[in-house]
Number of protein chains: 2
Amino acid sequence: MEKGEEMRNKQVIFRDYIESTRSPIESDFVINTEKKIHLEVPQGSNGVLVKNLYLSCDPYMYILMKDIKDAYVFTSYTPGSVITGFGVAKVLDSRHPNFKKGDLVWGITGWEEYSLITKLEELFKIEHTDVPLSYYTGILGMPGLTAHFGFHEVCAPKKGEYVFVSAAVGAVGQLVGQFAKLMGCYVVGSAGSQEKVELLKNKFGFDAAFNYKEEHDLDAALKRCFPEGVDIYFDNVGGKMLDAVLLNMRNHGRIALCGMITQYNLLEQVEGVNNLMNLLYKRVRMEGFAAFDYFPFYSKFLESVLPYIREGKIIYVEDVAEGLENAPSAFVGLFSGHNVGKQVVAIAQD
Amino acid sequence: MEKGEEMRNKQVIFRDYIESTRSPIESDFVINTEKKIHLEVPQGSNGVLVKNLYLSCDPYMYILMKDIKDAYVFTSYTPGSVITGFGVAKVLDSRHPNFKKGDLVWGITGWEEYSLITKLEELFKIEHTDVPLSYYTGILGMPGLTAHFGFHEVCAPKKGEYVFVSAAVGAVGQLVGQFAKLMGCYVVGSAGSQEKVELLKNKFGFDAAFNYKEEHDLDAALKRCFPEGVDIYFDNVGGKMLDAVLLNMRNHGRIALCGMITQYNLLEQVEGVNNLMNLLYKRVRMEGFAAFDYFPFYSKFLESVLPYIREGKIIYVEDVAEGLENAPSAFVGLFSGHNVGKQVVAIAQD
């Protein structure tokens, strides 16, 4: 490839807004193979032109597929435009002083082979390449920040506390459980298959785990796993599980709200949560948070988590789909729990 | 009265546990005029014998009227026993070194003319009598502690923030609103009658107020009062109001859960709260708390609030019922919003 060369730029296009009451399906996406791109940053722009290597499938993206008028955290996708999301990329050309050709970066990019990135506030240069590059979509990217600050700041854990994590094999959950074990907590996770339950117990070192699909009574399952109750609930699912955990919180417990993936397709008519009185009885704090509030502390986070990876004290499981054309099915699979671990799409080697 | 004299001791007796689905009614209480008491602390006890002057009607007492097996904050009342609650009393006899005859005290006492108090951990000696004694059931007692720490600690207010208080004329709400005004916040209250709305605006200095019974659409009422949204919600009612406020929270808002009086008769089948997703979108903290966690800081609280009372910077409205036999109707009235201000029962002058 030469600078300025015109190349095919395969893209994943967002077809149209979807109704709030259904999950995303593959036909919400269109693969466009017609597009071409000049591999240089146009004059007048101070952006970077990148070749995308890994794309991240994250549940929050589903919210952007709806026509949300309200001033939420993000802005909806535009029908007919390329999907955007976190990814890892290599800089091919730059007109920005912070980035140069050959740099590896992670941040918001497009679901396409090449992207011109002009919003550089949340594009991070990758300094450490002794770990898998794809980790910058997960443990060393947004999900890692989410797990680290969500657990250590929002949950304010203490040694010996009882910690419950839902969607515990997911991009965030597997890390929260391991952070909690490193803190000396007792950790139980829930997941949606026996395979995932085994992973939790045998690979991630959770003290116990259960398959929520096999439990008729979530309250009973929690009472079995936590006879003393729950100090910290790291909530990745919301809904019925949150309601059941509320019945099992201990005094001065903390609930970090992260994701609520089960509710994403029910924005307008979510399942009511009935047991909030327990927040009052048990003097519990429940708090929503967002990883991007912690982006300014990214380097502090890296310092903390990189040694754990290098020393093998934290492991990270990814579910890697190959090829841009498989990105839609990989994304759709998140909502049926198809992925085992962090869902990544590999689209180029370098 | 002489020490040891035998006196009639009129009492309010708890008849029996009530079902969770109804509000308390007067016939849940029985007035007993047959009981007698010797006005001295029995040998072997290190308690105090007091003459009760003011009794406090507090919503939490309703929870104690149910047969709650779970390890909640308090223990249920015993059927056939005297009702207990906060009150102001005068010591007639003491076998405890911290209290002597003639002392004025506030804390947990009985709904009766004279009480032998043996749990002294939460009995406070009244040192300042230049303010109305009844205030120690309200602004200078548990509701005052609740408002002070609930607002200043749990809500962590900043100057200029938008504050909403429900049940804003109540024992706690009227104080929260005034504390918020002293902090330089913009404060709106809701209440259940036009009379109360006028009080909020004209007596307590709220910036605005509305009668929730006259609003068909609580969300619309809140949007009218808070076009910019709500930074702090001090929740005294739970239920539909909480759900509506969730739709109007600003980024990084805080919700202090205090009371949820509307839910007290629906413990098992509470109204579901549907808009919790907003905690996530707006990164809101919602926290239950209880005044008794702050009892160790009572003297610090007094130092802060007494000057405000003396300088007329905070006013306090009480609704005083006269006579022990009127205590049940005064208590029952809390649940229909009958009281205007803190509900007290005066049972003796000194």
# chains A, B, ... in the order shown; residues from 1 in each chain; ligands from 1
>>> select_by_dssp(residues="range 82-257 of chain A", states="strand (DSSP E)", output="PyMOL selection string")
chain A and resi 84-94+104-110+114-117+124-125+162-165+186-191+208-211+230-235+249-257
>>> closest_atom_pairs(of="chain A", to="chain B", cutoff="7 Å", atoms="only C-alpha atoms", output="tab-separated table")
residue	atom	partner	partner_atom	distance
A:Tyr72	CA	B:Tyr281	CA	6.2
A:Val73	CA	B:Tyr281	CA	6.0
A:Leu257	CA	B:Leu280	CA	6.2
A:Cys258	CA	B:Leu280	CA	6.9
A:Val270	CA	B:Asn274	CA	5.8
A:Glu271	CA	B:Asn274	CA	6.3
A:Gly272	CA	B:Gly272	CA	4.3
A:Val273	CA	B:Gly272	CA	4.9
A:Asn274	CA	B:Gly272	CA	4.4
A:Leu279	CA	B:Gly288	CA	4.9
A:Leu280	CA	B:Gly288	CA	4.1
A:Tyr281	CA	B:Val73	CA	6.1
A:Arg283	CA	B:Gly288	CA	4.3
A:Val284	CA	B:Gly288	CA	5.3
A:Arg285	CA	B:Glu287	CA	4.1
A:Met286	CA	B:Met286	CA	5.2
A:Glu287	CA	B:Arg285	CA	4.2
A:Gly288	CA	B:Leu280	CA	4.1
A:Phe289	CA	B:Arg283	CA	4.5
A:Ala290	CA	B:Arg283	CA	6.6
>>> residues_around(residues="range 13-19 of chain A", least_positions_apart="4", cutoff="10 Å", atoms="only C-alpha atoms", output="PyMOL selection string")
chain A and resi 23-25+27-32+62-68+76-84+110-112+265-268+328
>>> write_last_selection(atoms="C-alpha atoms", output="PDB file, in the first residue's frame")
ATOM      1  CA  SER A  23     -33.160  -7.667  19.996  1.00  0.00           C
ATOM      2  CA  PRO A  24     -30.832  -6.824  17.118  1.00  0.00           C
ATOM      3  CA  ILE A  25     -30.737  -9.245  14.176  1.00  0.00           C
ATOM      4  CA  SER A  27     -30.334  -7.992   8.814  1.00  0.00           C
ATOM      5  CA  ASP A  28     -30.066  -4.763  10.787  1.00  0.00           C
ATOM      6  CA  PHE A  29     -26.630  -4.618   9.197  1.00  0.00           C
ATOM      7  CA  VAL A  30     -25.646  -4.430   5.546  1.00  0.00           C
ATOM      8  CA  ILE A  31     -22.225  -5.355   4.191  1.00  0.00           C
ATOM      9  CA  ASN A  32     -21.132  -2.834   1.580  1.00  0.00           C
ATOM     10  CA  TYR A  62     -27.518  -1.766  20.753  1.00  0.00           C
ATOM     11  CA  ILE A  63     -28.785   1.419  22.396  1.00  0.00           C
ATOM     12  CA  LEU A  64     -27.365   3.414  19.494  1.00  0.00           C
ATOM     13  CA  MET A  65     -29.411   1.343  17.060  1.00  0.00           C
ATOM     14  CA  LYS A  66     -32.596   2.873  18.449  1.00  0.00           C
ATOM     15  CA  ASP A  67     -34.002   6.258  17.624  1.00  0.00           C
ATOM     16  CA  ILE A  68     -33.348   7.783  21.001  1.00  0.00           C
ATOM     17  CA  SER A  76     -27.852   7.140  17.934  1.00  0.00           C
ATOM     18  CA  TYR A  77     -26.315   5.724  14.759  1.00  0.00           C
ATOM     19  CA  THR A  78     -27.412   7.324  11.512  1.00  0.00           C
ATOM     20  CA  PRO A  79     -29.281   4.941   9.179  1.00  0.00           C
ATOM     21  CA  GLY A  80     -27.191   4.222   6.103  1.00  0.00           C
ATOM     22  CA  SER A  81     -23.926   5.093   7.831  1.00  0.00           C
ATOM     23  CA  VAL A  82     -21.103   2.846   8.909  1.00  0.00           C
ATOM     24  CA  ILE A  83     -21.351   1.311  12.399  1.00  0.00           C
ATOM     25  CA  THR A  84     -18.874   2.774  14.878  1.00  0.00           C
ATOM     26  CA  GLY A 110     -15.558   2.345  12.126  1.00  0.00           C
ATOM     27  CA  TRP A 111     -16.750  -1.147  11.222  1.00  0.00           C
ATOM     28  CA  GLU A 112     -14.813  -1.072   7.964  1.00  0.00           C
ATOM     29  CA  ASN A 265     -34.499  -4.409  24.176  1.00  0.00           C
ATOM     30  CA  LEU A 266     -37.173  -3.236  26.570  1.00  0.00           C
ATOM     31  CA  LEU A 267     -36.246   0.378  27.103  1.00  0.00           C
ATOM     32  CA  GLU A 268     -39.818   1.607  27.056  1.00  0.00           C
ATOM     33  CA  PRO A 328     -22.985  -8.615  12.581  1.00  0.00           C
TER      34      PRO A 328
END
>>> atom_distance(atom1="CA of Tyr233 in chain A", atom2="CA of Lys201 in chain A")
18.0 Å
>>> residues_around(residues="Ala221 in chain A", least_positions_apart="2", cutoff="12 Å", atoms="only C-alpha atoms", output="VMD selection string")
chain A and resid 164 188 to 190 208 to 219 223 to 227 229 241 244 to 245 247 to 248
>>> write_last_selection(atoms="C-alpha atoms", output="PDB file, in the first residue's frame")
ATOM      1  CA  PHE A 164     -21.802 -11.512  43.213  1.00  0.00           C
ATOM      2  CA  VAL A 188     -19.853 -16.086  42.972  1.00  0.00           C
ATOM      3  CA  GLY A 189     -20.804 -15.629  39.334  1.00  0.00           C
ATOM      4  CA  SER A 190     -23.845 -16.420  37.240  1.00  0.00           C
ATOM      5  CA  ALA A 208     -18.852 -20.743  43.108  1.00  0.00           C
ATOM      6  CA  ALA A 209     -21.033 -20.221  40.062  1.00  0.00           C
ATOM      7  CA  PHE A 210     -24.482 -21.120  38.801  1.00  0.00           C
ATOM      8  CA  ASN A 211     -26.337 -21.345  35.521  1.00  0.00           C
ATOM      9  CA  TYR A 212     -29.246 -18.943  35.892  1.00  0.00           C
ATOM     10  CA  LYS A 213     -31.173 -20.725  33.150  1.00  0.00           C
ATOM     11  CA  GLU A 214     -31.354 -23.835  35.307  1.00  0.00           C
ATOM     12  CA  GLU A 215     -32.573 -22.041  38.422  1.00  0.00           C
ATOM     13  CA  HIS A 216     -36.332 -21.797  38.840  1.00  0.00           C
ATOM     14  CA  ASP A 217     -35.949 -19.489  41.807  1.00  0.00           C
ATOM     15  CA  LEU A 218     -33.110 -16.965  41.601  1.00  0.00           C
ATOM     16  CA  ASP A 219     -33.707 -15.881  45.195  1.00  0.00           C
ATOM     17  CA  LYS A 223     -29.498 -17.817  49.299  1.00  0.00           C
ATOM     18  CA  ARG A 224     -27.766 -21.129  48.593  1.00  0.00           C
ATOM     19  CA  CYS A 225     -24.604 -19.382  47.354  1.00  0.00           C
ATOM     20  CA  PHE A 226     -24.695 -16.565  49.889  1.00  0.00           C
ATOM     21  CA  PRO A 227     -26.155 -17.789  53.193  1.00  0.00           C
ATOM     22  CA  GLY A 229     -25.997 -12.343  52.021  1.00  0.00           C
ATOM     23  CA  MET A 241     -31.702 -10.988  38.660  1.00  0.00           C
ATOM     24  CA  ALA A 244     -33.598 -11.252  43.390  1.00  0.00           C
ATOM     25  CA  VAL A 245     -30.274  -9.831  44.546  1.00  0.00           C
ATOM     26  CA  LEU A 247     -33.657  -9.513  48.556  1.00  0.00           C
ATOM     27  CA  ASN A 248     -30.223 -10.785  49.533  1.00  0.00           C
TER      28      ASN A 248
END
>>> closest_residue(among="B:Phe179, B:Phe331, B:Tyr60, B:Phe149", to="Val345 in chain B", atoms="only C-alpha atoms")
B:Phe331
>>> atom_distance(atom1="CA of Tyr54 in chain B", atom2="CA of Ile347 in chain B")
5.8 Å
>>> select_by_dssp(residues="range 14-166 of chain A", states="alpha helix (DSSP H)", output="ChimeraX atom specification")
/A:60-64,142-149
>>> write_last_selection(atoms="N, CA and C atoms", output="PDB file, in the first residue's frame")
ATOM      1  N   TYR A  60     -23.546  -1.893  24.674  1.00  0.00           N
ATOM      2  CA  TYR A  60     -24.069  -0.513  24.619  1.00  0.00           C
ATOM      3  C   TYR A  60     -24.432  -0.099  23.193  1.00  0.00           C
ATOM      4  N   MET A  61     -23.791  -0.749  22.192  1.00  0.00           N
ATOM      5  CA  MET A  61     -24.014  -0.345  20.805  1.00  0.00           C
ATOM      6  C   MET A  61     -25.468  -0.561  20.388  1.00  0.00           C
ATOM      7  N   TYR A  62     -26.109  -1.502  21.055  1.00  0.00           N
ATOM      8  CA  TYR A  62     -27.518  -1.766  20.753  1.00  0.00           C
ATOM      9  C   TYR A  62     -28.386  -0.537  21.029  1.00  0.00           C
ATOM     10  N   ILE A  63     -28.029   0.199  22.079  1.00  0.00           N
ATOM     11  CA  ILE A  63     -28.785   1.419  22.396  1.00  0.00           C
ATOM     12  C   ILE A  63     -28.709   2.406  21.239  1.00  0.00           C
ATOM     13  N   LEU A  64     -27.567   2.448  20.581  1.00  0.00           N
ATOM     14  CA  LEU A  64     -27.365   3.414  19.494  1.00  0.00           C
ATOM     15  C   LEU A  64     -28.133   3.032  18.241  1.00  0.00           C
ATOM     16  N   MET A 142     -12.050  -0.427  26.984  1.00  0.00           N
ATOM     17  CA  MET A 142     -13.235   0.060  27.687  1.00  0.00           C
ATOM     18  C   MET A 142     -13.769  -0.946  28.712  1.00  0.00           C
ATOM     19  N   PRO A 143     -13.909  -2.239  28.346  1.00  0.00           N
ATOM     20  CA  PRO A 143     -14.418  -3.183  29.355  1.00  0.00           C
ATOM     21  C   PRO A 143     -13.484  -3.298  30.573  1.00  0.00           C
ATOM     22  N   GLY A 144     -12.187  -3.214  30.335  1.00  0.00           N
ATOM     23  CA  GLY A 144     -11.242  -3.261  31.450  1.00  0.00           C
ATOM     24  C   GLY A 144     -11.392  -2.073  32.375  1.00  0.00           C
ATOM     25  N   LEU A 145     -11.479  -0.878  31.783  1.00  0.00           N
ATOM     26  CA  LEU A 145     -11.729   0.335  32.575  1.00  0.00           C
ATOM     27  C   LEU A 145     -13.020   0.192  33.379  1.00  0.00           C
ATOM     28  N   THR A 146     -14.043  -0.328  32.706  1.00  0.00           N
ATOM     29  CA  THR A 146     -15.343  -0.506  33.334  1.00  0.00           C
ATOM     30  C   THR A 146     -15.231  -1.415  34.555  1.00  0.00           C
ATOM     31  N   ALA A 147     -14.557  -2.549  34.367  1.00  0.00           N
ATOM     32  CA  ALA A 147     -14.428  -3.509  35.463  1.00  0.00           C
ATOM     33  C   ALA A 147     -13.585  -2.928  36.595  1.00  0.00           C
ATOM     34  N   HIS A 148     -12.479  -2.305  36.223  1.00  0.00           N
ATOM     35  CA  HIS A 148     -11.536  -1.804  37.227  1.00  0.00           C
ATOM     36  C   HIS A 148     -12.170  -0.709  38.088  1.00  0.00           C
ATOM     37  N   PHE A 149     -12.662   0.341  37.442  1.00  0.00           N
ATOM     38  CA  PHE A 149     -13.199   1.458  38.222  1.00  0.00           C
ATOM     39  C   PHE A 149     -14.580   1.131  38.774  1.00  0.00           C
TER      40      PHE A 149
END
>>> closest_residue(among="A:Phe206, A:Tyr186, A:Tyr294, A:Trp106", to="Leu53 in chain A", atoms="only C-alpha atoms")
A:Trp106
>>> residues_around(residues="Ser45 in chain B", least_positions_apart="4", cutoff="12 Å", atoms="only C-alpha atoms", output="number ranges by chain")
B: 40-41, 49, 93-96, 116-120
>>> write_last_selection(atoms="N, CA, C and O atoms", output="short mmCIF file (atom, residue, chain, number, x, y, z; two decimals), in the first residue's frame")
data_model
loop_
_atom_site.label_atom_id
_atom_site.label_comp_id
_atom_site.auth_asym_id
_atom_site.auth_seq_id
_atom_site.Cartn_x
_atom_site.Cartn_y
_atom_site.Cartn_z
N GLU B 40 -40.57 4.31 90.62
CA GLU B 40 -39.15 4.17 90.96
C GLU B 40 -38.55 3.05 90.13
O GLU B 40 -39.25 2.16 89.66
N VAL B 41 -37.23 3.14 89.94
CA VAL B 41 -36.54 2.09 89.21
C VAL B 41 -36.37 0.90 90.15
O VAL B 41 -35.88 1.07 91.27
N LEU B 49 -36.59 5.80 85.27
CA LEU B 49 -38.04 5.87 85.20
C LEU B 49 -38.42 7.29 84.81
O LEU B 49 -37.96 8.25 85.43
N ASP B 93 -36.77 9.03 88.34
CA ASP B 93 -35.88 8.24 89.20
C ASP B 93 -34.85 7.58 88.29
O ASP B 93 -35.13 7.25 87.15
N SER B 94 -33.64 7.42 88.80
CA SER B 94 -32.57 6.84 87.98
C SER B 94 -31.66 5.97 88.82
O SER B 94 -31.32 6.31 89.95
N ARG B 95 -31.27 4.84 88.28
CA ARG B 95 -30.19 4.05 88.87
C ARG B 95 -29.00 3.98 87.91
O ARG B 95 -28.20 3.07 87.97
N HIS B 96 -28.98 4.92 86.97
CA HIS B 96 -27.89 4.96 86.00
C HIS B 96 -27.08 6.23 86.23
O HIS B 96 -27.66 7.31 86.37
N LEU B 116 -40.41 2.81 82.23
CA LEU B 116 -39.12 2.37 82.75
C LEU B 116 -38.25 2.07 81.54
O LEU B 116 -38.56 1.17 80.76
N ILE B 117 -37.20 2.85 81.36
CA ILE B 117 -36.33 2.68 80.18
C ILE B 117 -35.05 1.99 80.61
O ILE B 117 -34.34 2.49 81.49
N THR B 118 -34.80 0.84 80.03
CA THR B 118 -33.60 0.08 80.42
C THR B 118 -32.57 0.00 79.29
O THR B 118 -31.42 -0.33 79.54
N LYS B 119 -33.00 0.30 78.06
CA LYS B 119 -32.03 0.37 76.96
C LYS B 119 -31.60 1.84 76.82
O LYS B 119 -32.30 2.63 76.20
N LEU B 120 -30.44 2.13 77.38
CA LEU B 120 -30.08 3.55 77.48
C LEU B 120 -29.11 4.01 76.40
O LEU B 120 -28.72 5.17 76.36
#
>>> atom_distance(atom1="CA of Phe292 in chain B", atom2="CA of Phe151 in chain B")
14.8 Å
>>> closest_residue(among="B:Ile108, B:Val169, B:Met7, B:Val230", to="His338 in chain B", atoms="only C-alpha atoms")
B:Val169
>>> decode(residues="range 75-182 of chain A", atoms="C-alpha atoms", output="mmCIF file, in the first residue's frame")
data_model
loop_
_atom_site.group_PDB
_atom_site.id
_atom_site.type_symbol
_atom_site.label_atom_id
_atom_site.label_comp_id
_atom_site.auth_asym_id
_atom_site.auth_seq_id
_atom_site.Cartn_x
_atom_site.Cartn_y
_atom_site.Cartn_z
ATOM 1 C CA THR A 75 -25.902 9.648 20.048
ATOM 2 C CA SER A 76 -27.852 7.140 17.934
ATOM 3 C CA TYR A 77 -26.315 5.724 14.759
ATOM 4 C CA THR A 78 -27.412 7.324 11.512
ATOM 5 C CA PRO A 79 -29.281 4.941 9.179
ATOM 6 C CA GLY A 80 -27.191 4.222 6.103
ATOM 7 C CA SER A 81 -23.926 5.093 7.831
ATOM 8 C CA VAL A 82 -21.103 2.846 8.909
ATOM 9 C CA ILE A 83 -21.351 1.311 12.399
ATOM 10 C CA THR A 84 -18.874 2.774 14.878
ATOM 11 C CA GLY A 85 -17.427 1.237 17.998
ATOM 12 C CA PHE A 86 -14.241 0.490 19.855
ATOM 13 C CA GLY A 87 -11.422 -1.108 17.954
ATOM 14 C CA VAL A 88 -7.689 -1.546 17.554
ATOM 15 C CA ALA A 89 -6.075 -0.048 14.472
ATOM 16 C CA LYS A 90 -2.786 0.857 12.835
ATOM 17 C CA VAL A 91 -2.102 4.390 11.674
ATOM 18 C CA LEU A 92 -1.399 4.613 7.910
ATOM 19 C CA ASP A 93 -1.347 8.392 7.687
ATOM 20 C CA SER A 94 -1.646 11.234 10.165
ATOM 21 C CA ARG A 95 -2.018 14.981 10.150
ATOM 22 C CA HIS A 96 -2.174 15.100 13.947
ATOM 23 C CA PRO A 97 1.010 15.739 15.958
ATOM 24 C CA ASN A 98 0.212 13.017 18.539
ATOM 25 C CA PHE A 99 0.062 10.198 16.010
ATOM 26 C CA LYS A 100 2.394 9.051 13.247
ATOM 27 C CA LYS A 101 2.398 6.364 10.578
ATOM 28 C CA GLY A 102 2.890 2.920 12.119
ATOM 29 C CA ASP A 103 1.409 3.786 15.512
ATOM 30 C CA LEU A 104 -0.996 1.294 16.989
ATOM 31 C CA VAL A 105 -4.081 2.853 18.537
ATOM 32 C CA TRP A 106 -7.336 1.901 20.220
ATOM 33 C CA GLY A 107 -10.522 3.885 20.503
ATOM 34 C CA ILE A 108 -13.660 4.644 18.539
ATOM 35 C CA THR A 109 -13.314 3.610 14.909
ATOM 36 C CA GLY A 110 -15.558 2.345 12.126
ATOM 37 C CA TRP A 111 -16.750 -1.147 11.222
ATOM 38 C CA GLU A 112 -14.813 -1.072 7.964
ATOM 39 C CA GLU A 113 -11.385 -1.949 6.666
ATOM 40 C CA TYR A 114 -9.999 1.591 6.788
ATOM 41 C CA SER A 115 -11.243 4.557 8.795
ATOM 42 C CA LEU A 116 -10.557 8.247 8.803
ATOM 43 C CA ILE A 117 -10.735 9.176 12.484
ATOM 44 C CA THR A 118 -11.218 12.862 13.205
ATOM 45 C CA LYS A 119 -12.438 12.732 16.811
ATOM 46 C CA LEU A 120 -9.148 12.065 18.504
ATOM 47 C CA GLU A 121 -10.043 12.868 22.137
ATOM 48 C CA GLU A 122 -10.659 9.231 22.928
ATOM 49 C CA LEU A 123 -8.070 7.623 20.690
ATOM 50 C CA PHE A 124 -5.293 6.095 22.767
ATOM 51 C CA LYS A 125 -1.842 5.214 21.499
ATOM 52 C CA ILE A 126 -0.876 1.629 22.320
ATOM 53 C CA GLU A 127 2.506 1.667 24.071
ATOM 54 C CA HIS A 128 2.678 -1.933 25.254
ATOM 55 C CA THR A 129 2.674 -4.637 22.592
ATOM 56 C CA ASP A 130 3.948 -7.571 24.644
ATOM 57 C CA VAL A 131 0.296 -8.488 25.247
ATOM 58 C CA PRO A 132 -2.209 -9.498 22.550
ATOM 59 C CA LEU A 133 -3.357 -6.465 20.587
ATOM 60 C CA SER A 134 -6.958 -7.612 20.779
ATOM 61 C CA TYR A 135 -6.786 -7.051 24.558
ATOM 62 C CA TYR A 136 -7.163 -3.339 23.825
ATOM 63 C CA THR A 137 -10.797 -4.032 22.911
ATOM 64 C CA GLY A 138 -11.248 -5.818 26.257
ATOM 65 C CA ILE A 139 -9.141 -6.104 29.358
ATOM 66 C CA LEU A 140 -6.953 -3.145 28.319
ATOM 67 C CA GLY A 141 -9.777 -1.136 26.765
ATOM 68 C CA MET A 142 -13.235 0.060 27.687
ATOM 69 C CA PRO A 143 -14.418 -3.183 29.355
ATOM 70 C CA GLY A 144 -11.242 -3.261 31.450
ATOM 71 C CA LEU A 145 -11.729 0.335 32.575
ATOM 72 C CA THR A 146 -15.343 -0.506 33.334
ATOM 73 C CA ALA A 147 -14.428 -3.509 35.463
ATOM 74 C CA HIS A 148 -11.536 -1.804 37.227
ATOM 75 C CA PHE A 149 -13.199 1.458 38.222
ATOM 76 C CA GLY A 150 -16.672 -0.046 38.530
ATOM 77 C CA PHE A 151 -15.374 -2.539 41.030
ATOM 78 C CA HIS A 152 -12.684 -0.619 42.863
ATOM 79 C CA GLU A 153 -14.353 2.801 42.901
ATOM 80 C CA VAL A 154 -18.097 2.233 42.685
ATOM 81 C CA CYS A 155 -18.213 -0.983 44.738
ATOM 82 C CA ALA A 156 -15.538 0.123 47.236
ATOM 83 C CA PRO A 157 -14.706 -3.491 48.164
ATOM 84 C CA LYS A 158 -13.163 -4.692 51.385
ATOM 85 C CA LYS A 159 -11.269 -7.910 51.969
ATOM 86 C CA GLY A 160 -13.519 -10.815 52.881
ATOM 87 C CA GLU A 161 -16.694 -9.336 51.455
ATOM 88 C CA TYR A 162 -19.258 -11.399 49.544
ATOM 89 C CA VAL A 163 -19.325 -10.439 45.865
ATOM 90 C CA PHE A 164 -21.802 -11.512 43.213
ATOM 91 C CA VAL A 165 -21.245 -10.923 39.486
ATOM 92 C CA SER A 166 -23.859 -11.582 36.797
ATOM 93 C CA ALA A 167 -22.945 -12.253 33.155
ATOM 94 C CA ALA A 168 -19.726 -13.289 34.821
ATOM 95 C CA VAL A 169 -17.958 -14.733 31.782
ATOM 96 C CA GLY A 170 -18.544 -11.557 29.760
ATOM 97 C CA ALA A 171 -15.989 -8.940 28.799
ATOM 98 C CA VAL A 172 -16.429 -7.127 32.109
ATOM 99 C CA GLY A 173 -17.691 -9.841 34.456
ATOM 100 C CA GLN A 174 -14.693 -12.167 34.189
ATOM 101 C CA LEU A 175 -12.433 -9.277 35.214
ATOM 102 C CA VAL A 176 -14.594 -8.123 38.106
ATOM 103 C CA GLY A 177 -14.521 -11.623 39.561
ATOM 104 C CA GLN A 178 -10.755 -11.846 39.273
ATOM 105 C CA PHE A 179 -10.248 -8.363 40.735
ATOM 106 C CA ALA A 180 -12.472 -9.395 43.629
ATOM 107 C CA LYS A 181 -10.472 -12.582 44.229
ATOM 108 C CA LEU A 182 -7.246 -10.538 44.221
#
